[in-house]
$ cat data_6.txt   # compact mmCIF, C-alpha atoms
# COMPACT_ATOMS: atom_id res chain seq x y z
CA MET R 15 117.85 127.47 127.16
CA ALA R 16 120.15 126.64 124.28
CA ALA R 17 118.64 125.41 121.05
CA PHE R 18 119.78 122.50 118.92
CA HIS R 19 118.87 121.08 115.54
CA PHE R 20 116.01 118.60 115.33
CA GLU R 21 114.56 116.74 112.37
CA LEU R 22 111.49 114.55 112.24
CA VAL R 23 111.27 112.52 109.04
CA ALA R 24 108.63 110.10 107.82
CA PRO R 25 109.22 107.91 104.75
CA GLU R 26 106.95 110.10 102.67
CA ARG R 27 108.29 113.47 103.69
CA LEU R 28 110.27 115.67 106.04
CA ILE R 29 107.82 116.68 108.75
CA PHE R 30 109.83 118.99 110.89
CA ALA R 31 113.27 120.53 110.72
CA GLY R 32 114.51 123.37 112.83
CA GLU R 33 115.96 124.62 116.06
CA VAL R 34 114.29 123.39 119.22
CA GLU R 35 115.01 123.56 122.92
CA ALA R 36 113.96 120.11 124.03
CA VAL R 37 112.33 117.03 122.60
CA VAL R 38 110.69 114.24 124.56
CA VAL R 39 111.12 110.98 122.68
CA PRO R 40 109.19 107.79 123.44
CA GLY R 41 111.98 105.21 123.36
CA THR R 42 111.45 101.47 123.77
CA GLU R 43 113.21 101.56 127.12
CA GLY R 44 111.25 104.55 128.31
CA GLU R 45 110.74 108.16 127.44
CA PHE R 46 113.74 110.41 127.36
CA THR R 47 114.26 114.10 126.90
CA VAL R 48 116.92 115.36 124.57
CA LEU R 49 118.52 118.70 125.31
CA LYS R 50 121.47 120.41 123.68
CA ASP R 51 124.74 118.43 123.83
CA HIS R 52 123.08 115.14 124.63
CA ALA R 53 125.45 112.16 124.47
CA PRO R 54 125.31 110.20 121.17
CA LEU R 55 122.46 107.73 121.36
CA LEU R 56 120.56 105.45 119.05
CA SER R 57 117.19 104.27 120.22
CA MET R 58 114.16 102.52 118.81
CA LEU R 59 110.79 104.15 119.22
CA ARG R 60 107.67 102.74 120.71
CA PRO R 61 104.27 104.07 119.66
CA GLY R 62 103.76 107.18 121.71
CA VAL R 63 103.73 110.91 121.90
CA LEU R 64 106.68 112.94 120.77
CA GLU R 65 106.82 116.36 122.33
CA ILE R 66 108.74 119.18 120.71
CA ASP R 67 109.61 122.17 122.83
CA LEU R 68 110.12 125.13 120.55
CA SER R 69 111.69 128.32 121.79
CA GLY R 70 109.27 130.35 123.84
CA ALA R 71 106.43 128.51 125.42
CA GLN R 72 105.37 126.80 122.20
CA ARG R 73 104.94 123.06 122.22
CA THR R 74 104.02 120.63 119.48
CA ARG R 75 102.85 117.14 120.21
CA LEU R 76 102.84 114.38 117.63
CA PHE R 77 101.90 110.74 117.68
CA VAL R 78 104.78 108.65 116.33
CA ARG R 79 104.92 104.97 115.61
CA GLY R 80 107.83 102.71 114.77
CA GLY R 81 111.25 103.98 113.87
CA PHE R 82 114.44 105.26 115.36
CA ALA R 83 115.90 108.25 117.09
CA GLU R 84 119.50 109.21 116.60
CA VAL R 85 121.32 111.74 118.72
CA SER R 86 124.68 112.86 117.43
CA ALA R 87 126.81 115.96 117.64
CA ALA R 88 124.78 117.37 114.74
CA GLY R 89 121.53 117.13 116.68
CA LEU R 90 118.58 114.81 116.96
CA THR R 91 117.05 112.94 114.06
CA VAL R 92 113.86 110.95 114.46
CA LEU R 93 113.04 108.53 111.68
CA ALA R 94 109.43 107.62 112.31
CA GLU R 95 107.38 105.13 110.35
CA GLN R 96 104.36 107.30 110.91
CA ALA R 97 103.91 110.70 112.51
CA ILE R 98 100.60 112.49 113.01
CA ALA R 99 99.95 115.76 114.82
CA LEU R 100 98.10 114.88 117.99
CA ASP R 101 95.05 117.00 117.27
CA GLU R 102 94.67 115.29 113.89
CA LEU R 103 94.90 111.85 115.36
CA ASN R 104 91.63 110.02 115.61
CA ALA R 105 90.39 106.72 116.85
CA ALA R 106 90.27 105.21 113.37
CA GLU R 107 94.01 105.76 112.83
CA LEU R 108 94.83 104.20 116.16
CA ASP R 109 92.58 101.26 115.46
CA ALA R 110 94.30 100.74 112.12
CA ALA R 111 97.67 100.82 113.89
CA LEU R 112 96.37 98.31 116.44
CA ARG R 113 95.15 96.03 113.71
CA ASP R 114 98.56 96.20 112.05
CA ALA R 115 100.17 95.29 115.34
CA GLU R 116 97.87 92.29 115.78
CA GLU R 117 98.79 91.12 112.30
CA ASP R 118 102.47 91.50 113.12
CA ILE R 119 101.98 89.25 116.13
CA ALA R 120 100.12 86.70 114.06
CA ASP R 121 102.80 86.38 111.41
CA ALA R 122 105.90 86.89 113.53
CA PRO R 123 108.40 84.25 112.41
CA THR R 124 110.31 83.92 115.69
CA ASP R 125 109.52 84.16 119.38
CA GLU R 126 111.73 87.20 119.59
CA ALA R 127 109.80 89.00 116.85
CA ARG R 128 106.53 88.03 118.50
CA ARG R 129 107.70 89.43 121.82
CA ILE R 130 108.58 92.76 120.18
CA ALA R 131 105.31 92.88 118.26
CA THR R 132 103.34 92.12 121.41
CA GLU R 133 105.11 94.92 123.25
CA GLN R 134 104.24 97.31 120.46
CA ARG R 135 100.60 96.36 120.64
CA ASP R 136 100.50 96.81 124.38
CA HIS R 137 101.99 100.28 124.04
CA LEU R 138 99.34 101.15 121.51
CA ARG R 139 96.60 99.95 123.82
CA GLU R 140 97.99 101.97 126.69
CA LEU R 141 98.19 105.01 124.51
CA ARG R 142 94.64 104.62 123.32
CA ALA R 143 93.47 104.41 126.90
CA ALA R 144 95.57 107.40 127.93
CA LEU R 145 94.35 109.67 125.16
CA GLN R 146 90.72 108.68 125.63
CA ILE R 147 89.61 109.09 122.06
CA MET T 20 99.82 105.30 43.71
CA PRO T 21 97.36 105.45 46.60
CA SER T 22 93.92 106.69 45.76
CA LEU T 23 92.50 109.89 47.21
CA LYS T 24 90.29 107.93 49.55
CA ASP T 25 93.26 105.95 50.93
CA LEU T 26 95.12 109.16 51.62
CA ARG T 27 92.13 110.72 53.35
CA ASN T 28 91.74 107.68 55.58
CA ARG T 29 95.40 107.66 56.40
CA ILE T 30 95.41 111.33 57.42
CA ALA T 31 92.34 110.80 59.59
CA SER T 32 93.93 107.86 61.36
CA VAL T 33 97.23 109.67 62.01
CA LYS T 34 95.25 112.60 63.37
CA ALA T 35 93.42 110.29 65.76
CA THR T 36 96.71 108.79 66.91
CA GLN T 37 98.14 112.23 67.42
CA LYS T 38 95.23 113.12 69.65
CA ILE T 39 95.90 110.06 71.79
CA THR T 40 99.61 110.69 72.14
CA LYS T 41 98.94 114.31 72.94
CA ALA T 42 96.49 113.31 75.68
CA MET T 43 98.96 110.76 77.06
CA GLN T 44 101.64 113.39 77.15
CA MET T 45 99.45 115.73 79.13
CA VAL T 46 98.42 113.01 81.56
CA ALA T 47 102.08 112.07 82.04
CA ALA T 48 102.97 115.71 82.66
CA ALA T 49 100.32 116.00 85.36
CA LYS T 50 101.37 112.73 86.98
CA LEU T 51 105.02 113.66 86.71
CA ARG T 52 104.57 116.68 88.88
CA ARG T 53 103.02 114.59 91.62
CA ALA T 54 105.56 111.78 91.30
CA GLN T 55 108.42 114.24 91.34
CA THR T 56 107.23 115.95 94.50
CA ALA T 57 106.77 112.57 96.15
CA ALA T 58 110.25 111.45 95.13
CA GLU T 59 111.81 114.65 96.37
CA ALA T 60 109.85 114.60 99.62
CA ALA T 61 111.04 111.07 100.34
CA ARG T 62 114.71 111.82 99.81
CA PRO T 63 115.43 113.22 103.29
CA TYR T 64 114.30 110.00 104.98
CA SER T 65 116.56 107.70 103.04
CA GLU T 66 119.43 110.15 103.28
CA ARG T 67 119.08 110.39 107.07
CA MET T 68 118.78 106.63 107.22
CA GLU T 69 122.03 106.23 105.33
CA LYS T 70 123.68 108.69 107.65
CA VAL T 71 122.46 106.86 110.73
CA ILE T 72 123.66 103.52 109.38
CA ALA T 73 127.02 104.96 108.39
CA GLY T 74 127.29 106.40 111.88
CA VAL T 75 126.45 103.06 113.45
CA ALA T 76 128.84 101.16 111.21
CA HIS T 77 131.66 103.50 112.19
CA GLY T 78 130.59 103.68 115.79
CA MET T 79 130.55 99.92 116.22
CA GLY T 80 134.22 99.67 115.41
CA ALA T 81 135.89 96.77 113.67
CA GLY T 82 135.99 94.44 116.63
CA ALA T 83 132.29 93.93 117.18
CA PRO T 84 130.62 91.08 115.27
CA ALA T 85 128.40 92.91 112.81
CA PRO T 86 125.21 91.38 111.44
CA ALA T 87 125.42 89.81 108.01
CA LEU T 88 123.14 92.46 106.52
CA LEU T 89 125.73 95.10 107.31
CA ARG T 90 128.99 93.33 106.57
CA GLY T 91 127.89 90.64 104.15
CA THR T 92 128.03 86.89 104.54
CA GLY T 93 131.58 86.67 103.30
CA HIS T 94 130.56 84.81 100.15
CA ASP T 95 129.78 86.29 96.79
CA GLY T 96 128.58 83.28 94.84
CA VAL T 97 124.92 84.13 94.50
CA TYR T 98 123.51 87.50 93.54
CA LEU T 99 119.97 88.74 93.74
CA PHE T 100 118.92 91.42 91.29
CA VAL T 101 115.82 93.34 92.25
CA VAL T 102 114.71 94.88 88.99
CA CYS T 103 112.19 97.69 89.40
CA THR T 104 110.40 98.74 86.24
CA ALA T 105 107.05 100.16 85.22
CA GLU T 106 103.77 98.34 84.77
CA ARG T 107 103.06 99.93 81.44
CA GLY T 108 104.93 100.49 78.23
CA LEU T 109 104.84 103.45 75.86
CA CYS T 110 107.44 105.29 77.83
CA GLY T 111 110.40 105.30 75.50
CA ALA T 112 113.49 103.39 76.49
CA PHE T 113 112.62 103.55 80.18
CA ASN T 114 111.91 99.86 80.81
CA SER T 115 114.39 98.48 78.34
CA SER T 116 117.28 100.56 79.63
CA ILE T 117 116.78 99.26 83.17
CA ALA T 118 116.42 95.70 81.91
CA ARG T 119 119.48 96.08 79.70
CA LEU T 120 121.61 97.25 82.63
CA ALA T 121 120.48 94.27 84.69
CA ARG T 122 121.01 91.88 81.80
CA ASP T 123 124.53 93.13 81.06
CA LYS T 124 125.52 92.77 84.70
CA ALA T 125 123.95 89.34 84.93
CA VAL T 126 125.76 88.13 81.82
CA ALA T 127 129.06 89.51 83.11
CA LEU T 128 128.57 87.78 86.47
CA ALA T 129 127.51 84.53 84.85
CA ALA T 130 130.74 84.60 82.83
CA GLU T 131 132.61 84.72 86.14
CA GLY T 132 130.76 81.63 87.26
CA LYS T 133 128.40 83.34 89.69
CA THR T 134 124.72 82.65 90.00
CA VAL T 135 122.25 85.46 89.51
CA LYS T 136 118.65 85.37 90.65
CA PHE T 137 116.00 87.91 89.83
CA LEU T 138 113.14 89.47 91.68
CA CYS T 139 111.05 91.59 89.36
CA VAL T 140 109.00 94.50 90.59
CA GLY T 141 106.84 95.65 87.74
CA LYS T 142 105.58 93.60 84.86
CA LYS T 143 107.52 95.17 82.02
CA GLY T 144 110.90 94.23 83.42
CA TYR T 145 109.68 90.68 83.86
CA ASP T 146 108.51 90.54 80.26
CA LEU T 147 111.89 91.73 79.06
CA LEU T 148 113.94 89.41 81.24
CA LYS T 149 111.92 86.21 81.11
CA ARG T 150 113.05 85.34 77.60
CA GLN T 151 116.63 84.96 78.70
CA PHE T 152 116.45 84.29 82.42
CA ALA T 153 113.09 82.63 83.03
CA PRO T 154 114.36 79.86 85.35
CA GLN T 155 116.27 82.39 87.48
CA ILE T 156 113.35 84.69 88.14
CA LEU T 157 112.15 83.96 91.65
CA GLU T 158 109.08 86.12 91.68
CA LEU T 159 107.20 88.92 90.00
CA ILE T 160 105.68 91.56 92.20
CA GLU T 161 103.10 93.62 90.39
CA LEU T 162 102.17 97.06 91.50
CA ARG T 163 99.35 97.39 89.06
CA GLY T 164 96.50 99.58 90.16
CA VAL T 165 98.60 101.44 92.71
CA ARG T 166 97.63 105.05 92.43
CA GLN T 167 99.80 106.74 94.98
CA LEU T 168 102.91 104.84 95.98
CA GLY T 169 103.12 104.54 99.72
CA PHE T 170 105.60 102.98 102.05
CA GLU T 171 103.16 100.11 102.50
CA HIS T 172 103.84 99.06 98.90
CA ALA T 173 107.60 98.97 99.34
CA ASP T 174 107.62 97.24 102.70
CA PRO T 175 106.46 93.80 101.43
CA VAL T 176 109.20 93.88 98.79
CA GLY T 177 111.76 94.69 101.47
CA ARG T 178 110.45 91.91 103.69
CA LYS T 179 110.57 89.47 100.81
CA ILE T 180 114.23 90.33 100.21
CA ILE T 181 115.04 89.83 103.89
CA GLU T 182 113.17 86.54 103.95
CA LEU T 183 115.17 85.25 100.98
CA PHE T 184 118.37 86.49 102.59
CA ASP T 185 117.61 84.72 105.85
CA LYS T 186 116.99 81.52 103.95
CA GLY T 187 120.43 81.88 102.43
CA GLU T 188 119.14 82.22 98.89
CA PHE T 189 121.70 84.85 98.01
CA SER T 190 124.52 86.82 99.54
CA ILE T 191 124.64 90.06 97.58
CA CYS T 192 121.61 92.07 96.59
CA THR T 193 121.51 94.81 94.00
CA LEU T 194 118.60 97.10 93.28
CA PHE T 195 117.99 98.24 89.72
CA PHE T 196 115.96 101.34 89.06
CA SER T 197 116.06 104.59 87.17
CA ARG T 198 117.23 107.64 89.03
CA PHE T 199 115.25 110.74 88.20
CA ARG T 200 117.57 113.56 87.18
CA SER T 201 115.20 115.64 85.07
CA VAL T 202 112.34 115.19 82.64
CA ILE T 203 114.77 114.41 79.86
CA VAL T 204 117.47 112.62 81.81
CA GLN T 205 116.82 109.44 83.77
CA ILE T 206 119.78 107.36 84.75
CA PRO T 207 119.44 103.58 85.05
CA THR T 208 121.17 102.77 88.31
CA ALA T 209 122.39 99.70 90.12
CA LEU T 210 122.51 100.11 93.87
CA GLN T 211 123.90 97.46 96.16
CA ILE T 212 121.73 97.15 99.26
CA ILE T 213 123.04 93.95 100.85
CA PRO T 214 125.60 94.20 102.28
CA VAL T 215 124.93 97.85 102.95
CA HIS T 216 127.24 100.09 101.04
CA VAL T 217 128.67 102.44 103.63
CA SER T 218 130.37 105.52 102.33
CA GLU T 219 133.87 105.88 103.63
CA ALA T 220 133.29 109.44 104.80
CA PRO T 221 134.44 109.57 108.37
CA GLY T 222 131.48 109.78 110.72
CA SER T 223 131.39 111.86 113.81
CA GLY T 224 133.50 109.15 115.38
CA ALA T 225 131.20 109.20 118.37
CA VAL T 226 130.41 105.95 120.09
CA TYR T 227 126.69 105.56 120.43
CA ASP T 228 124.72 104.38 123.37
CA PHE T 229 122.25 101.82 122.15
CA GLU T 230 118.75 101.43 123.43
CA PRO T 231 117.91 98.52 123.36
CA GLU T 232 121.09 96.46 122.82
CA PRO T 233 122.96 96.93 119.51
CA ASP T 234 122.01 93.47 118.21
CA GLU T 235 118.34 93.99 118.72
CA LEU T 236 118.40 97.52 117.40
CA LEU T 237 120.39 96.66 114.30
CA SER T 238 118.19 93.70 113.55
CA ALA T 239 115.31 96.16 113.33
CA LEU T 240 117.21 99.00 111.67
CA LEU T 241 118.84 97.09 108.82
CA PRO T 242 115.74 95.37 107.39
CA ARG T 243 114.02 98.72 107.69
CA ASN T 244 116.76 100.28 105.64
CA ILE T 245 116.17 97.74 102.87
CA SER T 246 112.50 98.67 102.71
CA VAL T 247 113.39 102.34 102.68
CA GLN T 248 115.82 101.88 99.81
CA VAL T 249 113.20 99.93 97.86
CA PHE T 250 110.65 102.63 98.55
CA ARG T 251 113.01 105.28 97.33
CA ALA T 252 113.81 103.28 94.20
CA LEU T 253 110.10 102.90 93.46
CA LEU T 254 109.46 106.60 93.87
CA GLU T 255 112.42 107.57 91.70
CA ASN T 256 111.18 105.05 89.18
CA ALA T 257 107.66 106.46 89.19
CA ALA T 258 108.96 109.94 88.47
CA SER T 259 111.35 108.67 85.80
CA GLU T 260 108.62 106.67 84.14
CA GLN T 261 106.37 109.68 83.80
CA GLY T 262 109.25 111.80 82.59
CA ALA T 263 110.21 109.21 80.01
CA ARG T 264 106.62 108.80 78.90
CA MET T 265 106.19 112.52 78.61
CA SER T 266 109.15 112.96 76.30
CA ALA T 267 108.31 109.81 74.33
CA MET T 268 104.76 111.04 73.76
CA ASP T 269 106.00 114.50 72.91
CA ASN T 270 108.16 112.93 70.21
CA ALA T 271 105.29 110.82 68.96
CA THR T 272 103.02 113.85 68.74
CA ARG T 273 105.64 115.74 66.78
CA ASN T 274 106.21 112.83 64.43
CA ALA T 275 102.49 112.50 63.84
CA GLY T 276 102.34 116.22 63.02
CA GLU T 277 105.10 115.82 60.44
CA MET T 278 103.40 112.82 58.94
CA ILE T 279 100.10 114.69 58.63
CA LYS T 280 101.88 117.53 56.88
CA LYS T 281 103.55 115.17 54.40
CA GLN T 282 100.38 113.22 53.72
CA THR T 283 98.31 116.36 53.25
CA LEU T 284 100.80 117.64 50.71
CA LYS T 285 100.64 114.35 48.87
CA TYR T 286 96.85 114.38 49.02
CA ASN T 287 96.66 117.89 47.54
CA ARG T 288 99.13 117.04 44.80
CA THR T 289 97.18 113.96 43.84
CA ARG T 290 93.93 115.89 43.88
CA GLN T 291 95.34 118.59 41.60
CA ALA T 292 96.82 116.01 39.28
CA MET T 293 93.39 114.40 38.99
CA ILE T 294 91.76 117.74 38.17
CA THR T 295 94.39 118.53 35.57
CA LYS T 296 93.93 115.08 34.07
CA GLU T 297 90.18 115.53 33.86
CA LEU T 298 90.55 118.97 32.28
CA ILE T 299 92.92 117.60 29.65
CA GLU T 300 90.47 114.83 28.89
CA ILE T 301 87.58 117.30 28.48
CA ILE T 302 89.63 119.69 26.31
CA SER T 303 91.03 117.01 24.08
CA GLY T 304 87.54 115.50 23.83
CA ALA T 305 86.16 118.89 22.71
CA GLU T 306 88.98 119.36 20.17
CA ALA T 307 88.32 115.98 18.62
CA LEU T 308 84.79 117.01 17.66
$ encode --input "data_6.txt" --output "structure tokens"
Amino acid sequence: MAAFHFELVAPERLIFAGEVEAVVVPGTEGEFTVLKDHAPLLSMLRPGVLEIDLSGAQRTRLFVRGGFAEVSAAGLTVLAEQAIALDELNAAELDAALRDAEEDIADAPTDEARRIATEQRDHLRELRAALQI
Amino acid sequence: MPSLKDLRNRIASVKATQKITKAMQMVAAAKLRRAQTAAEAARPYSERMEKVIAGVAHGMGAGAPAPALLRGTGHDGVYLFVVCTAERGLCGAFNSSIARLARDKAVALAAEGKTVKFLCVGKKGYDLLKRQFAPQILELIELRGVRQLGFEHADPVGRKIIELFDKGEFSICTLFFSRFRSVIVQIPTALQIIPVHVSEAPGSGAVYDFEPEPDELLSALLPRNISVQVFRALLENAASEQGARMSAMDNATRNAGEMIKKQTLKYNRTRQAMITKELIEIISGAEAL
């Protein structure tokens, strides 16, 4: 399979940059897989698991929360608010994220913002249930 | 002529000061390394963000109605200056050079009949600006006691800016901070963040698919960009502050060293003069007998 350039960046630092074969991105409208020569796309992220398929059979899984994914001719760039390797993720982190989400709902200024915040929280809850930690 | 005791006291006090400045210099050097790594590590994010926004701005084409954050409100009557400075002094011209840049711009704009409002991040900038612009300062955000700057410190500032923008308090927002070039060189910088300054470099020209719809996505992306720019400014500032403090304290230590040298010389001269005087008195006393 052909490789393409992928970058995962958090506000504090560049987490991953390199050639990959496929990346599964948790978009707000559903998960999607990016392969080489994907059409240009800009998507928001929902809290979920980002899966990087490195060449060979290697896979890296990270928990990402909030942010954007951009696919262009140059490759895929994911700007995540937070990204944690899945094996380092623990219940406390998720709980903190959930608490943040609850706060966002509480002080959402408009109905629209509240709807988005509520969606985010529900995704987090689902994820917590799915990972069983 | 100061007495010997005065000179001794003076030397002791300069030595004590030198010890303090030396310690501050070393602390600043240690903090600088951390702040510099943090600033450099954060650069990719804001650079990618800029690229994405530039791509979107080009991709949307001229026809689409762009949000006000991207294209501006069309007015330019009211400006908001977000002035980021340090919480502490004793760092050379660091705070005053940022404040001076903001003040010069504000005065120039006021002469054109525009209104300028201020949002101060960091106490020192507030102290410097309040004398002249007190009624125009909307708020002071203190970051005192923040050990390691995180995105969570920048986000409230970004939100505050958006909130003011949505209320129609201003139409153009400029961020003032000091860009970290090196330990010796920090450049006070004014960066316009609303409307977003998009570089004219031609993007890939590709038309993006948006998920969800462009309006919804941009209304999340653009406020986020503001926070990111603020975060970057704060990190650059933190590194610059430590750099400036380090060189200021280095200077102070050197000056103290010179002063000690001069005072010691003076002390020794005075001491010898006293001895000579006493000897003369004894000899002439003996001769008189």
$ atom_distance --input "data_6.txt" --atom1 "CA of Ala48 in chain T" --atom2 "CA of Ser246 in chain T"
28.0 Å
$ interface_residues --input "data_6.txt" --of "chain R" --to "chain T" --cutoff "10 Å" --atoms "all atoms listed in the file" --output "PDB file with C-alpha atoms, in the coordinates of the input"
ATOM      1  CA  GLU R  21     114.560 116.740 112.370  1.00  0.00           C
ATOM      2  CA  LEU R  22     111.490 114.550 112.240  1.00  0.00           C
ATOM      3  CA  VAL R  23     111.270 112.520 109.040  1.00  0.00           C
ATOM      4  CA  ALA R  24     108.630 110.100 107.820  1.00  0.00           C
ATOM      5  CA  PRO R  25     109.220 107.910 104.750  1.00  0.00           C
ATOM      6  CA  GLU R  26     106.950 110.100 102.670  1.00  0.00           C
ATOM      7  CA  ARG R  27     108.290 113.470 103.690  1.00  0.00           C
ATOM      8  CA  LEU R  28     110.270 115.670 106.040  1.00  0.00           C
ATOM      9  CA  ILE R  29     107.820 116.680 108.750  1.00  0.00           C
ATOM     10  CA  GLY R  41     111.980 105.210 123.360  1.00  0.00           C
ATOM     11  CA  THR R  42     111.450 101.470 123.770  1.00  0.00           C
ATOM     12  CA  GLU R  43     113.210 101.560 127.120  1.00  0.00           C
ATOM     13  CA  GLY R  44     111.250 104.550 128.310  1.00  0.00           C
ATOM     14  CA  ALA R  53     125.450 112.160 124.470  1.00  0.00           C
ATOM     15  CA  PRO R  54     125.310 110.200 121.170  1.00  0.00           C
ATOM     16  CA  LEU R  55     122.460 107.730 121.360  1.00  0.00           C
ATOM     17  CA  LEU R  56     120.560 105.450 119.050  1.00  0.00           C
ATOM     18  CA  SER R  57     117.190 104.270 120.220  1.00  0.00           C
ATOM     19  CA  MET R  58     114.160 102.520 118.810  1.00  0.00           C
ATOM     20  CA  LEU R  59     110.790 104.150 119.220  1.00  0.00           C
ATOM     21  CA  GLY R  81     111.250 103.980 113.870  1.00  0.00           C
ATOM     22  CA  PHE R  82     114.440 105.260 115.360  1.00  0.00           C
ATOM     23  CA  ALA R  83     115.900 108.250 117.090  1.00  0.00           C
ATOM     24  CA  GLU R  84     119.500 109.210 116.600  1.00  0.00           C
ATOM     25  CA  VAL R  85     121.320 111.740 118.720  1.00  0.00           C
ATOM     26  CA  SER R  86     124.680 112.860 117.430  1.00  0.00           C
ATOM     27  CA  ALA R  87     126.810 115.960 117.640  1.00  0.00           C
ATOM     28  CA  ALA R  88     124.780 117.370 114.740  1.00  0.00           C
ATOM     29  CA  THR R  91     117.050 112.940 114.060  1.00  0.00           C
ATOM     30  CA  VAL R  92     113.860 110.950 114.460  1.00  0.00           C
ATOM     31  CA  LEU R  93     113.040 108.530 111.680  1.00  0.00           C
ATOM     32  CA  ALA R  94     109.430 107.620 112.310  1.00  0.00           C
ATOM     33  CA  GLU R  95     107.380 105.130 110.350  1.00  0.00           C
ATOM     34  CA  GLN R  96     104.360 107.300 110.910  1.00  0.00           C
ATOM     35  CA  PRO R 123     108.400  84.250 112.410  1.00  0.00           C
ATOM     36  CA  GLU R 126     111.730  87.200 119.590  1.00  0.00           C
ATOM     37  CA  ALA R 127     109.800  89.000 116.850  1.00  0.00           C
ATOM     38  CA  ILE R 130     108.580  92.760 120.180  1.00  0.00           C
TER      39      ILE R 130
END
$ atom_distance --input "data_6.txt" --atom1 "CA of Val215 in chain T" --atom2 "CA of Ala252 in chain T"
15.2 Å
$ closest_residue --input "data_6.txt" --among "R:Ala110, R:Leu90, R:Ala105, R:Val63" --to "Val48 in chain R" --atoms "all atoms listed in the file"
R:Leu90
$ residues_around --input "data_6.txt" --residues "Leu147 in chain T" --least-positions-apart "3" --cutoff "12 Å" --atoms "only C-alpha atoms" --output "VMD selection string"
chain T and resid 102 to 106 108 113 to 122 139 141 to 144 150 to 153 156
$ closest_residue --input "data_6.txt" --among "T:Val140, T:Ala307, T:Leu89, T:Leu109" --to "Pro242 in chain T" --atoms "only C-alpha atoms"
T:Leu89
